[in-house]
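Source file: entry-v5.cif. Holds: mmCIF, C-alpha atoms.
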```cif
data_work
loop_
_atom_site.label_atom_id
_atom_site.label_comp_id
_atom_site.auth_asym_id
_atom_site.auth_seq_id
_atom_site.Cartn_x
_atom_site.Cartn_y
_atom_site.Cartn_z
CA MET A 1 -12.79 -0.14 -8.87
CA ARG A 2 -15.09 2.21 -7.09
CA GLY A 3 -13.31 5.15 -5.63
CA LEU A 4 -9.94 3.48 -5.34
CA ARG A 5 -8.12 5.67 -7.79
CA HIS A 6 -9.31 8.68 -5.89
CA ARG A 7 -8.23 7.12 -2.63
CA ARG A 8 -4.82 6.29 -4.02
CA ARG A 9 -4.41 9.87 -5.13
CA ARG A 10 -5.49 11.01 -1.69
CA ARG A 11 -3.06 8.58 -0.08
CA VAL A 12 -0.19 9.66 -2.28
CA GLY A 13 -1.07 13.22 -1.44
CA ARG A 14 -0.81 12.43 2.25
CA ILE A 15 2.52 10.68 1.81
CA GLU A 16 3.88 13.56 -0.20
CA ALA A 17 2.71 15.93 2.49
CA CYS A 18 4.48 13.85 5.14
CA VAL A 19 7.69 13.70 3.10
CA ALA A 20 7.54 17.43 2.58
CA PHE A 21 7.05 17.91 6.33
CA VAL A 22 10.02 15.69 7.16
CA ALA A 23 12.13 17.53 4.62
CA THR A 24 11.13 20.77 6.26
CA ILE A 25 12.09 19.78 9.80
CA ALA A 26 15.15 17.67 9.00
CA PRO A 27 17.67 20.50 8.56
CA SER A 28 16.83 22.06 11.92
CA ALA A 29 16.74 18.70 13.64
CA CYS A 30 20.06 17.54 12.24
CA GLY A 31 21.80 20.86 12.12
CA GLY A 32 22.64 20.55 8.44
CA GLU A 33 21.38 19.75 5.01
CA PRO A 34 18.98 16.85 4.87
CA PRO A 35 20.17 13.68 3.17
CA PRO A 36 18.65 12.86 -0.20
CA LEU A 37 15.18 11.49 0.28
CA GLU A 38 14.94 7.75 -0.26
CA PRO A 39 11.69 5.94 -0.98
CA PRO A 40 10.33 4.91 2.40
CA ALA A 41 10.43 1.24 3.36
CA ARG A 42 6.95 -0.17 3.79
CA ASP A 43 5.27 -3.28 5.02
CA GLY A 44 5.01 -6.07 2.52
CA ALA A 45 7.17 -4.06 0.20
CA GLU A 46 10.56 -4.88 -1.10
CA ALA A 47 13.22 -2.30 -0.60
CA PRO A 48 14.66 -0.94 -3.81
CA THR A 49 17.26 -3.44 -4.91
CA PRO A 50 20.50 -2.23 -6.41
CA PRO A 51 21.42 -3.94 -9.68
CA GLU A 52 24.42 -5.60 -8.06
CA ALA A 53 22.35 -7.16 -5.27
CA PRO A 54 23.50 -10.71 -4.56
CA ILE A 55 20.43 -12.51 -5.81
CA ALA A 56 20.37 -16.00 -7.22
CA ALA A 57 21.65 -16.35 -10.75
CA ARG A 58 21.90 -19.09 -13.32
CA THR A 59 24.90 -21.35 -12.95
CA ALA A 60 27.06 -21.51 -16.04
CA PRO A 61 26.81 -25.04 -17.42
CA ASP A 62 29.88 -27.23 -17.13
CA PRO A 63 30.56 -29.40 -20.19
CA SER A 64 31.55 -32.27 -17.92
CA TRP A 65 28.13 -32.48 -16.29
CA THR A 66 25.80 -35.34 -16.92
CA GLU A 67 22.24 -34.47 -17.82
CA ALA A 68 21.20 -35.22 -14.25
CA GLU A 69 23.87 -32.92 -12.87
CA ALA A 70 22.79 -30.16 -15.20
CA ALA A 71 19.19 -30.71 -14.13
CA PHE A 72 20.25 -30.58 -10.48
CA HIS A 73 21.97 -27.24 -10.95
CA THR A 74 19.06 -25.80 -12.90
CA MET A 75 16.66 -26.88 -10.16
CA MET A 76 18.86 -25.52 -7.41
CA ASP A 77 19.44 -22.23 -9.22
CA ALA A 78 15.70 -21.72 -8.85
CA LEU A 79 15.43 -22.97 -5.28
CA LEU A 80 18.25 -20.69 -4.14
CA SER A 81 16.14 -17.70 -5.14
CA PRO A 82 15.15 -15.37 -2.29
CA ARG A 83 11.53 -16.17 -3.23
CA CYS A 84 12.20 -19.68 -1.88
CA VAL A 85 14.94 -19.29 0.74
CA ASN A 86 13.27 -16.33 2.46
CA CYS A 87 10.66 -18.70 3.88
CA HIS A 88 13.20 -21.38 4.83
CA PRO A 89 15.09 -19.35 7.46
CA SER A 90 17.57 -20.72 9.96
CA ASP A 91 16.37 -18.49 12.81
CA ARG A 92 12.57 -18.80 12.58
CA VAL A 93 12.39 -15.23 11.33
CA PRO A 94 10.92 -14.96 7.82
CA LYS A 95 12.96 -12.90 5.42
CA GLN A 96 11.91 -10.50 2.71
CA THR A 97 13.29 -8.68 -0.31
CA ASP A 98 16.02 -9.91 -2.59
CA LEU A 99 18.48 -9.12 0.18
CA GLY A 100 16.89 -11.57 2.60
CA ALA A 101 16.23 -8.89 5.21
CA PRO A 102 14.42 -9.91 8.40
CA HIS A 103 10.66 -9.48 8.03
CA ARG A 104 9.54 -6.08 9.25
CA PHE A 105 7.74 -5.71 12.57
CA GLY A 106 9.73 -8.53 14.18
CA VAL A 107 7.49 -11.13 12.57
CA GLN A 108 8.19 -14.66 13.79
CA GLY A 109 7.29 -18.10 12.54
CA GLY A 110 5.75 -19.01 15.87
CA PRO A 111 5.16 -22.49 17.24
CA ASP A 112 3.17 -23.74 14.23
CA ASN A 113 4.97 -21.86 11.42
CA HIS A 114 1.93 -19.62 10.95
CA GLY A 115 3.00 -16.74 13.14
CA LEU A 116 1.87 -15.59 16.57
CA GLU A 117 -1.52 -15.32 18.26
CA ALA A 118 -2.35 -11.83 17.04
CA LEU A 119 0.32 -11.54 14.36
CA ALA A 120 -0.28 -14.59 12.22
CA CYS A 121 0.90 -14.86 8.65
CA ARG A 122 -2.71 -14.46 7.56
CA THR A 123 -3.02 -11.22 9.47
CA CYS A 124 -1.52 -9.72 6.32
CA HIS A 125 -1.02 -12.53 3.78
CA GLN A 126 -4.07 -14.01 2.09
CA ASP A 127 -4.52 -16.65 -0.59
CA ALA A 128 -3.42 -14.35 -3.40
CA ASN A 129 -1.13 -11.41 -4.00
CA ASN A 130 -2.68 -8.08 -3.13
CA ALA A 131 -1.72 -5.58 -5.79
CA ASP A 132 -3.36 -2.75 -3.88
CA SER A 133 -1.28 -3.08 -0.72
CA GLY A 134 1.69 -4.87 -2.27
CA VAL A 135 1.43 -7.72 0.25
CA PRO A 136 2.20 -11.08 -1.34
CA GLY A 137 -0.06 -14.05 -0.82
CA ALA A 138 -0.66 -17.65 -1.82
CA PRO A 139 -2.58 -20.61 -0.44
CA GLU A 140 -1.08 -22.03 2.76
CA TRP A 141 1.21 -19.03 3.22
CA SER A 142 3.46 -20.01 6.10
CA LEU A 143 7.04 -20.45 7.16
CA ALA A 144 8.86 -23.70 6.50
CA PRO A 145 9.33 -25.75 9.68
CA ALA A 146 12.60 -25.41 11.55
CA SER A 147 13.81 -28.77 10.22
CA MET A 148 13.60 -27.34 6.72
CA ALA A 149 15.96 -24.44 7.33
CA TRP A 150 17.87 -23.65 4.14
CA GLU A 151 19.22 -20.23 4.98
CA GLY A 152 23.00 -20.32 4.98
CA LEU A 153 23.25 -23.76 3.38
CA ASP A 154 24.79 -24.39 0.00
CA ARG A 155 22.86 -26.10 -2.78
CA TYR A 156 24.16 -29.55 -1.92
CA ALA A 157 23.20 -29.28 1.73
CA ILE A 158 19.79 -27.91 0.79
CA ALA A 159 19.18 -30.81 -1.58
CA ARG A 160 20.29 -33.28 1.06
CA SER A 161 17.93 -31.67 3.58
CA MET A 162 15.13 -31.67 1.02
CA MET A 163 15.48 -35.41 0.44
CA SER A 164 15.94 -36.41 4.08
CA PRO A 165 12.71 -37.68 5.67
CA GLU A 166 14.03 -36.52 9.03
CA GLN A 167 14.17 -32.98 7.74
CA ASN A 168 11.56 -32.81 5.00
CA GLY A 169 8.49 -33.61 7.06
CA ASP A 170 8.73 -37.36 6.38
CA ARG A 171 7.99 -36.85 2.72
CA THR A 172 8.70 -39.59 0.22
CA PRO A 173 10.66 -38.64 -2.89
CA GLU A 174 7.40 -38.62 -4.80
CA GLU A 175 5.93 -36.18 -2.29
CA VAL A 176 9.02 -33.99 -2.51
CA HIS A 177 8.69 -33.96 -6.28
CA HIS A 178 5.03 -33.01 -5.99
CA HIS A 179 5.83 -30.27 -3.50
CA LEU A 180 8.49 -28.83 -5.79
CA THR A 181 6.40 -28.88 -8.94
CA GLU A 182 2.75 -28.58 -7.88
CA HIS A 183 2.44 -26.91 -4.49
CA ALA A 184 0.80 -23.52 -4.97
CA LEU A 185 2.98 -21.93 -2.33
CA VAL A 186 6.13 -23.03 -4.16
CA LEU A 187 4.78 -21.97 -7.53
CA TRP A 188 3.99 -18.53 -6.12
CA ALA A 189 7.70 -17.81 -6.60
CA TRP A 190 7.04 -17.52 -10.34
CA ALA A 191 4.10 -15.16 -9.84
CA PRO A 192 5.27 -13.11 -6.86
CA GLY A 193 3.28 -10.00 -7.60
CA VAL A 194 4.29 -6.43 -7.01
CA ASP A 195 5.55 -4.63 -3.95
CA ALA A 196 3.90 -1.66 -2.27
CA ASN A 197 5.47 0.66 -4.80
CA GLY A 198 4.06 -1.37 -7.69
CA THR A 199 7.45 -2.80 -8.61
CA PRO A 200 7.31 -6.45 -9.68
CA ARG A 201 9.16 -8.85 -7.41
CA ARG A 202 11.88 -10.82 -9.09
CA PRO A 203 11.03 -14.46 -9.76
CA PRO A 204 13.67 -17.21 -9.67
CA PRO A 205 16.23 -16.97 -12.47
CA VAL A 206 14.95 -20.15 -14.14
CA PRO A 207 11.64 -20.04 -16.05
CA LEU A 208 8.94 -22.21 -14.51
CA ASP A 209 8.70 -24.69 -17.38
CA GLU A 210 12.46 -25.11 -17.44
CA TYR A 211 12.51 -25.54 -13.67
CA ARG A 212 9.79 -28.17 -13.76
CA ALA A 213 11.55 -30.04 -16.55
CA ALA A 214 14.76 -29.98 -14.54
CA VAL A 215 13.04 -31.29 -11.40
CA ASP A 216 11.43 -34.05 -13.45
CA ALA A 217 14.76 -34.96 -15.04
CA TRP A 218 16.63 -34.97 -11.76
CA PHE A 219 14.11 -37.19 -10.01
CA GLU A 220 13.83 -39.51 -13.00
CA ALA A 221 17.61 -39.90 -12.95
CA GLY A 222 17.50 -40.96 -9.32
CA ALA A 223 17.66 -37.65 -7.46
CA VAL A 224 21.38 -38.04 -6.92
CA ILE A 225 23.10 -35.05 -5.39
CA PRO A 226 26.36 -34.32 -7.21
CA GLY A 227 29.17 -35.29 -4.92
CA ASP A 228 27.02 -37.95 -3.32
CA LEU A 229 27.22 -40.29 -6.32
CA PRO A 230 27.80 -43.84 -5.14
CA ALA A 231 30.62 -45.76 -6.72
CA ALA A 232 29.53 -47.68 -9.78
CA GLU A 233 30.22 -51.39 -9.63
CA GLY A 234 33.72 -52.28 -10.77
CA THR A 235 34.99 -48.73 -10.96
CA PRO A 236 37.27 -46.94 -8.58
CA ASP A 237 35.56 -44.62 -6.16
CA ASP A 238 37.34 -41.56 -7.46
CA ALA A 239 36.12 -42.25 -10.97
CA ALA A 240 32.49 -42.44 -9.88
CA SER A 241 32.34 -39.47 -7.57
CA PRO A 242 33.15 -36.02 -8.82
CA PRO A 243 35.22 -33.94 -6.49
CA PRO A 244 33.19 -32.03 -3.94
CA ARG A 245 32.31 -28.51 -4.94
CA ALA A 246 32.86 -25.48 -2.85
CA GLY A 247 30.88 -25.68 0.33
CA TYR A 248 30.29 -29.38 -0.05
CA ALA A 249 29.85 -31.18 3.22
CA ALA A 250 30.53 -34.88 3.32
CA PRO A 251 27.29 -36.82 3.72
CA GLU A 252 26.65 -38.10 7.17
CA ASP A 253 26.21 -41.74 7.96
CA THR A 254 22.79 -42.68 6.65
CA ALA A 255 22.71 -46.16 8.13
CA SER A 256 20.15 -45.08 10.70
CA GLU A 257 17.69 -43.81 8.11
CA ASP A 258 14.49 -45.69 7.56
CA ALA A 259 15.54 -48.66 5.45
CA ASP A 260 11.98 -49.45 4.42
CA ARG A 261 11.36 -46.10 2.83
CA PRO A 262 11.73 -46.08 -0.95
CA ARG A 263 14.58 -43.75 -1.64
CA LEU A 264 15.27 -42.41 -5.04
CA GLY A 265 18.98 -42.29 -5.59
CA ALA A 266 19.69 -45.61 -3.96
CA PRO A 267 22.41 -47.46 -5.87
CA GLU A 268 20.10 -50.13 -7.27
CA GLU A 269 17.82 -47.47 -8.74
CA ILE A 270 20.69 -45.61 -10.31
CA GLU A 271 21.89 -48.69 -12.08
CA MET B 272 -19.93 -9.36 -6.98
CA ARG B 273 -22.28 -10.12 -4.13
CA ILE B 274 -20.61 -11.23 -0.92
CA ALA B 275 -22.41 -12.94 1.92
CA LEU B 276 -20.78 -12.84 5.32
CA THR B 277 -21.59 -12.71 8.99
CA LEU B 278 -20.75 -9.20 10.09
CA ASN B 279 -20.78 -8.39 13.78
CA GLY B 280 -23.12 -11.30 14.35
CA GLN B 281 -25.56 -10.41 11.58
CA ALA B 282 -25.97 -12.17 8.25
CA THR B 283 -24.99 -9.57 5.69
CA THR B 284 -24.73 -9.30 1.93
CA VAL B 285 -22.95 -6.57 0.07
CA ASP B 286 -22.37 -5.79 -3.59
CA CYS B 287 -18.84 -4.68 -4.28
CA ASP B 288 -15.77 -5.22 -6.38
CA GLY B 289 -14.29 -8.44 -5.06
CA ASP B 290 -10.79 -7.04 -5.24
CA GLU B 291 -11.66 -3.95 -3.25
CA PRO B 292 -10.07 -3.92 0.18
CA LEU B 293 -12.49 -5.05 2.88
CA LEU B 294 -11.64 -1.83 4.71
CA TRP B 295 -13.42 0.30 2.11
CA VAL B 296 -16.36 -2.06 1.85
CA LEU B 297 -16.83 -1.81 5.61
CA ARG B 298 -16.48 1.94 5.70
CA ASP B 299 -18.14 3.05 2.48
CA ALA B 300 -20.62 0.33 1.58
CA LEU B 301 -21.59 -0.82 5.06
CA ASP B 302 -21.09 2.49 6.86
CA LEU B 303 -18.96 1.04 9.65
CA ARG B 304 -16.48 3.87 10.12
CA GLY B 305 -14.76 2.60 13.26
CA THR B 306 -12.17 0.73 11.20
CA LYS B 307 -9.57 3.24 10.09
CA PHE B 308 -7.41 3.75 7.04
CA GLY B 309 -3.81 4.36 8.01
CA CYS B 310 -1.24 3.25 5.47
CA GLY B 311 -2.99 0.98 2.99
CA LYS B 312 -0.02 -1.39 3.09
CA ALA B 313 -0.73 -3.59 6.11
CA ALA B 314 1.95 -1.75 8.03
CA CYS B 315 0.24 0.33 10.70
CA GLY B 316 -2.63 -1.87 11.87
CA ALA B 317 -5.25 0.89 12.09
CA CYS B 318 -7.55 -1.18 9.86
CA THR B 319 -7.39 -4.38 11.94
CA VAL B 320 -10.57 -6.43 12.12
CA HIS B 321 -11.25 -10.06 12.95
CA VAL B 322 -11.96 -12.62 10.25
CA ASP B 323 -13.02 -15.90 11.79
CA GLY B 324 -11.43 -14.65 14.99
CA VAL B 325 -8.06 -13.88 13.44
CA ALA B 326 -6.69 -10.35 13.45
CA VAL B 327 -6.54 -9.24 9.84
CA ARG B 328 -5.38 -6.02 8.18
CA SER B 329 -8.50 -5.14 6.23
CA CYS B 330 -6.64 -2.77 3.89
CA SER B 331 -4.82 -5.80 2.51
CA PHE B 332 -7.76 -8.19 2.55
CA ALA B 333 -9.68 -8.38 -0.72
CA ALA B 334 -13.41 -8.31 -0.06
CA ARG B 335 -13.96 -11.55 -1.95
CA HIS B 336 -12.02 -13.38 0.76
CA ALA B 337 -14.80 -12.46 3.20
CA GLU B 338 -17.34 -14.65 1.42
CA GLY B 339 -18.85 -17.00 3.98
CA ARG B 340 -16.60 -15.76 6.75
CA THR B 341 -17.34 -14.19 10.12
CA VAL B 342 -16.08 -10.62 10.31
CA THR B 343 -15.97 -8.57 13.48
CA THR B 344 -15.19 -4.88 13.55
CA ILE B 345 -14.71 -2.57 16.50
CA GLU B 346 -18.45 -1.86 16.36
CA GLY B 347 -19.13 -5.54 17.05
CA LEU B 348 -16.51 -6.13 19.71
CA GLY B 349 -18.76 -5.01 22.55
CA THR B 350 -21.55 -2.63 23.36
CA ARG B 351 -21.75 0.53 25.40
CA GLU B 352 -23.67 -1.42 28.02
CA ALA B 353 -21.45 -4.48 27.88
CA PRO B 354 -18.03 -3.50 26.61
CA HIS B 355 -15.49 -6.12 25.65
CA PRO B 356 -12.78 -6.48 28.33
CA VAL B 357 -10.38 -4.73 25.99
CA GLN B 358 -12.74 -1.78 25.61
CA GLN B 359 -13.32 -1.66 29.37
CA ALA B 360 -9.59 -1.73 30.02
CA TRP B 361 -9.00 1.00 27.45
CA ILE B 362 -11.47 3.17 29.33
CA GLU B 363 -9.99 2.38 32.73
CA GLU B 364 -6.44 3.09 31.60
CA ILE B 365 -7.45 6.17 29.58
CA VAL B 366 -5.39 4.85 26.69
CA PRO B 367 -6.24 6.99 23.66
CA GLN B 368 -4.77 10.34 22.89
CA CYS B 369 -5.98 11.32 19.44
CA GLY B 370 -7.66 7.93 19.20
CA TYR B 371 -7.39 7.39 15.47
CA CYS B 372 -5.38 4.17 15.62
CA GLN B 373 -7.03 2.76 18.74
CA PRO B 374 -9.72 0.58 17.11
CA GLY B 375 -6.98 -1.35 15.35
CA PHE B 376 -5.04 -1.72 18.57
CA MET B 377 -8.12 -2.94 20.41
CA MET B 378 -8.94 -5.51 17.75
CA ALA B 379 -5.36 -6.80 17.81
CA ALA B 380 -5.39 -6.89 21.61
CA ALA B 381 -8.68 -8.79 21.65
CA ALA B 382 -7.25 -11.37 19.25
CA LEU B 383 -4.23 -11.75 21.50
CA ILE B 384 -6.00 -12.31 24.80
CA ALA B 385 -8.50 -14.67 23.13
CA ARG B 386 -5.58 -17.01 22.45
CA ASN B 387 -3.24 -16.04 25.24
CA PRO B 388 -5.13 -15.30 28.47
CA ARG B 389 -1.96 -14.26 30.30
CA PRO B 390 0.21 -12.39 27.82
CA SER B 391 3.60 -11.28 29.06
CA ASP B 392 5.18 -7.99 28.09
CA ASP B 393 7.20 -9.89 25.51
CA ASP B 394 4.05 -11.49 24.13
CA ILE B 395 2.43 -8.08 23.80
CA ASP B 396 5.49 -6.56 22.16
CA ALA B 397 5.77 -9.45 19.68
CA ASN B 398 2.07 -9.52 18.79
CA ILE B 399 0.93 -5.92 18.90
CA VAL B 400 2.99 -4.20 16.25
CA ASN B 401 0.44 -1.54 15.36
CA ILE B 402 1.67 2.01 15.14
CA CYS B 403 0.50 4.91 17.31
CA ARG B 404 1.99 8.27 16.46
CA CYS B 405 0.82 9.67 19.78
CA GLY B 406 3.04 7.18 21.56
CA THR B 407 0.39 5.53 23.72
CA HIS B 408 2.15 2.17 23.66
CA VAL B 409 2.95 2.19 27.38
CA ARG B 410 -0.69 2.67 28.26
CA ILE B 411 -1.70 0.12 25.66
CA ARG B 412 0.53 -2.51 27.23
CA ARG B 413 -0.93 -1.73 30.64
CA ALA B 414 -4.44 -1.92 29.26
CA ILE B 415 -3.83 -5.28 27.63
CA HIS B 416 -2.72 -6.71 30.97
CA ARG B 417 -5.86 -5.24 32.54
CA ALA B 418 -8.05 -6.58 29.73
CA ALA B 419 -6.59 -10.04 30.24
CA GLU B 420 -7.45 -9.79 33.94
CA LEU B 421 -11.00 -8.72 33.13
CA ALA B 422 -11.37 -11.55 30.64
CA ARG B 423 -10.22 -13.99 33.31
CA GLY B 424 -12.79 -12.57 35.70
CA GLU B 425 -10.23 -10.99 38.00
#
```

Let me see the structure of the file written as structure tokens.
Amino acid sequence: MRGLRHRRRRRVGRIEACVAFVATIAPSACGGEPPPLEPPARDGAEAPTPPEAPIAARTAPDPSWTEAEAAFHTMMDALLSPRCVNCHPSDRVPKQTDLGAPHRFGVQGGPDNHGLEALACRTCHQDANNADSGVPGAPEWSLAPASMAWEGLDRYAIARSMMSPEQNGDRTPEEVHHHLTEHALVLWAWAPGVDANGTPRRPPPVPLDEYRAAVDAWFEAGAVIPGDLPAAEGTPDDAASPPPRAGYAAPEDTASEDADRPRLGAPEEIE
Amino acid sequence: MRIALTLNGQATTVDCDGDEPLLWVLRDALDLRGTKFGCGKAACGACTVHVDGVAVRSCSFAARHAEGRTVTTIEGLGTREAPHPVQQAWIEEIVPQCGYCQPGFMMAAAALIARNPRPSDDDIDANIVNICRCGTHVRIRRAIHRAAELARGE
């Protein structure tokens, strides 16, 4: 690339000069020894993440799970990754880094989920990752609508939100499946590029092929959220429904939902 | 690769590496030096240009994305004889100090008032997040209000 290596060297030289300048003035400004220099935080970059950072991890399989339950947990292990949840905030503020920090510069989702008038998502984010600046990018880069807020929800509530037409943008189960397995913006999570320091971002803890297989398996089994299993005919309720897991919220009355909409997970489809 | 774009109103082609930041293509290949390099990480806004009317950080915009698009730089915002309202307001309010970051600020401000003819202080603060080490932000805010007035014909 013409001249870029030279420019990078020049840029690094400038940064080093600035750091050296700050180090020079810090003792007199603070009246003591300067603190150890940390790598500066930068736009589009992820702050250095300590090894113990609370990022998403694989759930240990439970021998009592059905295949569908195991598929559900594999799928949700991936969807709970910061690469996914960071753009499903509860406060309309996109998040970044594995720590889910508010997006620098006070960036907001704006009225159409694409940012503000002069600070749109595409002001910085294009259709592909930019390895030179460290700014991530993918087609249709935007914030999830407010109805699709996942931040702060547990995996069961997220799944319920994901399958609810009132919250998922009136998507059918087939459209949800397509979004989860084919949408370029979702798949970006598995190719998230590097940050401004050249450090690769961490993808979800489940490999893409395993994630896709789990999504397929869960939908094929009826897209039943563990804990929401309907009672099988002729069996006591407590035998059909596993006990709620931590953070489980009892499903709300769904009688008002659109009865005409095909809904995977309806009792007749499970049977 | 060869990229064809409309640059400051003129049909333009340029041969460059498609992954090269548009900033360097503008400055080095097309000799438009008004757009500045600041951080190279889309953080400071000194490199802001318009792509199809949207404020874009050209340091983080691969040149190949400009294919077929309309790009406006500070050189194309207005002329000496007929300055853009933002440029006129910048003159009236004597905004710049060292001036290095000001083209980026003006491009961001122009994008703002094109979509929001009456920006409030909060709108300006939320939208104009460029960095000026001289600390001209107070004058910039005043100039954006003035530019909006000029654009409205007031």

What are the closest atom pairs, with distances in Å to one decimal, for each residue of chain B lying within 8 Å of chain A, using all atoms listed in the file, rows by chain and rising residue number, as CSV?
```
residue,atom,partner,partner_atom,distance
B:Asp288,CA,A:Met1,CA,6.4
B:Glu291,CA,A:Met1,CA,6.9
B:Pro292,CA,A:Asp132,CA,7.9
B:Cys310,CA,A:Arg11,CA,7.9
B:Gly311,CA,A:Ser133,CA,5.8
B:Lys312,CA,A:Ser133,CA,4.4
B:Ala313,CA,A:Asp43,CA,6.1
B:Ala314,CA,A:Asp43,CA,4.7
B:Val325,CA,A:Thr123,CA,6.9
B:Ala326,CA,A:Thr123,CA,5.5
B:Val327,CA,A:Thr123,CA,4.1
B:Arg328,CA,A:Cys124,CA,5.7
B:Cys330,CA,A:Ser133,CA,7.1
B:Ser331,CA,A:Ser133,CA,5.5
B:Phe332,CA,A:Gln126,CA,6.9
B:Ala333,CA,A:Asn130,CA,7.4
B:Ala379,CA,A:Ala118,CA,5.9
B:Ala380,CA,A:Ala118,CA,7.4
B:Ala382,CA,A:Ala118,CA,5.4
B:Leu383,CA,A:Ala118,CA,4.8
B:Arg386,CA,A:Glu117,CA,6.1
B:Asn387,CA,A:Glu117,CA,7.2
B:Ala397,CA,A:Gly106,CA,6.8
B:Asn398,CA,A:Leu119,CA,5.2
B:Ile399,CA,A:Ala118,CA,7.0
B:Val400,CA,A:Phe105,CA,6.2
```

### Task
Write out as a count of residues only which residues come within 10 Å of Ile411 (chain B) when counting only C-alpha atoms, dropping same-chain ones fewer than 6 positions away.
15

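Between CA of Glu166 (chain A) and CA of His73 (chain A) lies a distance of 23.4 Å.
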
#### Entry: Using all atoms listed in the file: which of A:Gly100, A:Pro205, A:Gly110, A:Gly198 has the shortest distance to Thr74 (chain A)
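Nearest to Thr74 (chain A): A:Pro205.
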
### Task
With only C-alpha atoms counted, which protein, DNA or RNA residues have an atom no more than 7 Å from (-12.7, -11.2, 7.7) in the file frame? Please answer as a list in words.
Val320, His321, Val322, Asp323, Val327, Ala337, Arg340, Thr341 and Val342 of chain B

### Task
Compile the contact shell of Ile345 (chain B) as JSON, numbers by chain: residues with an atom at most 7 Å away, counting only C-alpha atoms, same-chain residues fewer than 6 positions apart removed.
{"B": [305, 306, 374, 378]}

### Query
If the PyMOL selection byres ((chain A and resi 89) around 9) is run on the structure shown, which residues does it catch, given as number ranges by chain?
A: 85-88, 90-95, 143-146, 148-152

### Query
Expressed in Å to a single decimal, how great is the separation between CA of Phe219 (chain A) and CA of Thr172 (chain A)?
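Calculated distance between CA of Phe219 (chain A) and CA of Thr172 (chain A) is 11.8 Å.
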
### Task
Pull out every residue that the PyMOL selection byres ((chain A and resi 173) around 12) matches in the shown coordinates and put them as a VMD selection string.
chain A and resid 159 to 165 168 to 172 174 to 180 215 to 216 218 to 220 222 to 224 261 to 266

Take the residues that were just selected and, keeping C-alpha atoms, output them as a CSV table (one decimal), in the coordinates of the input.
```csv
chain,number,residue,atom,x,y,z
A,159,ALA,CA,19.2,-30.8,-1.6
A,160,ARG,CA,20.3,-33.3,1.1
A,161,SER,CA,17.9,-31.7,3.6
A,162,MET,CA,15.1,-31.7,1.0
A,163,MET,CA,15.5,-35.4,0.4
A,164,SER,CA,15.9,-36.4,4.1
A,165,PRO,CA,12.7,-37.7,5.7
A,168,ASN,CA,11.6,-32.8,5.0
A,169,GLY,CA,8.5,-33.6,7.1
A,170,ASP,CA,8.7,-37.4,6.4
A,171,ARG,CA,8.0,-36.8,2.7
A,172,THR,CA,8.7,-39.6,0.2
A,174,GLU,CA,7.4,-38.6,-4.8
A,175,GLU,CA,5.9,-36.2,-2.3
A,176,VAL,CA,9.0,-34.0,-2.5
A,177,HIS,CA,8.7,-34.0,-6.3
A,178,HIS,CA,5.0,-33.0,-6.0
A,179,HIS,CA,5.8,-30.3,-3.5
A,180,LEU,CA,8.5,-28.8,-5.8
A,215,VAL,CA,13.0,-31.3,-11.4
A,216,ASP,CA,11.4,-34.0,-13.4
A,218,TRP,CA,16.6,-35.0,-11.8
A,219,PHE,CA,14.1,-37.2,-10.0
A,220,GLU,CA,13.8,-39.5,-13.0
A,222,GLY,CA,17.5,-41.0,-9.3
A,223,ALA,CA,17.7,-37.6,-7.5
A,224,VAL,CA,21.4,-38.0,-6.9
A,261,ARG,CA,11.4,-46.1,2.8
A,262,PRO,CA,11.7,-46.1,-1.0
A,263,ARG,CA,14.6,-43.8,-1.6
A,264,LEU,CA,15.3,-42.4,-5.0
A,265,GLY,CA,19.0,-42.3,-5.6
A,266,ALA,CA,19.7,-45.6,-4.0
```

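Put simply, the PyMOL selection byres ((chain B and resi 422) around 9) in this file takes in His355, Pro356, Val357, Ile384, Ala385, Pro388, Arg417, Ala418, Ala419, Glu420, Leu421, Arg423, Gly424 and Glu425 of chain B.
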
#### Entry: Nearest to Gln358 (chain B) by atom-to-atom distance, counting all atoms listed in the file, from B:Ser329, B:Ser391, B:Val296, B:Ile415
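Ranking B:Ser329, B:Ser391, B:Val296, B:Ile415 by distance to Gln358 (chain B), first place goes to B:Ile415.
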
### Task
Mind giving me the straight-line distance from CA of Cys372 (chain B) to CA of Ala317 (chain B) in Å, one decimal?
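Calculated distance between CA of Cys372 (chain B) and CA of Ala317 (chain B) is 4.8 Å.
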
### Summary
In terms of all atoms listed in the file, the residue from A:Thr59, A:Ala78, A:Leu153, A:Ala71 at minimal distance from Pro204 (chain A) is A:Ala78

Enclosing box along x, y and z for every listed atom of region 371-377 of chain B, padded 8 Å each side, centre and size in Å, one decimal, as JSON:
```
{"center_x": -7.4, "center_y": 2.2, "center_z": 17.9, "size_x": 20.7, "size_y": 26.3, "size_z": 21.1}
```

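Proximity of B:Cys315, B:Ala300, B:Met272, B:Leu278 to Gly375 (chain B), computed with only C-alpha atoms, is greatest for B:Cys315.
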
### Task
Choose the residue, out of B:Ala381, B:Ala334, B:Leu276, B:Leu303, that has the smallest atom-to-atom separation from Asp290 (chain B); count all atoms listed in the file.
B:Ala334
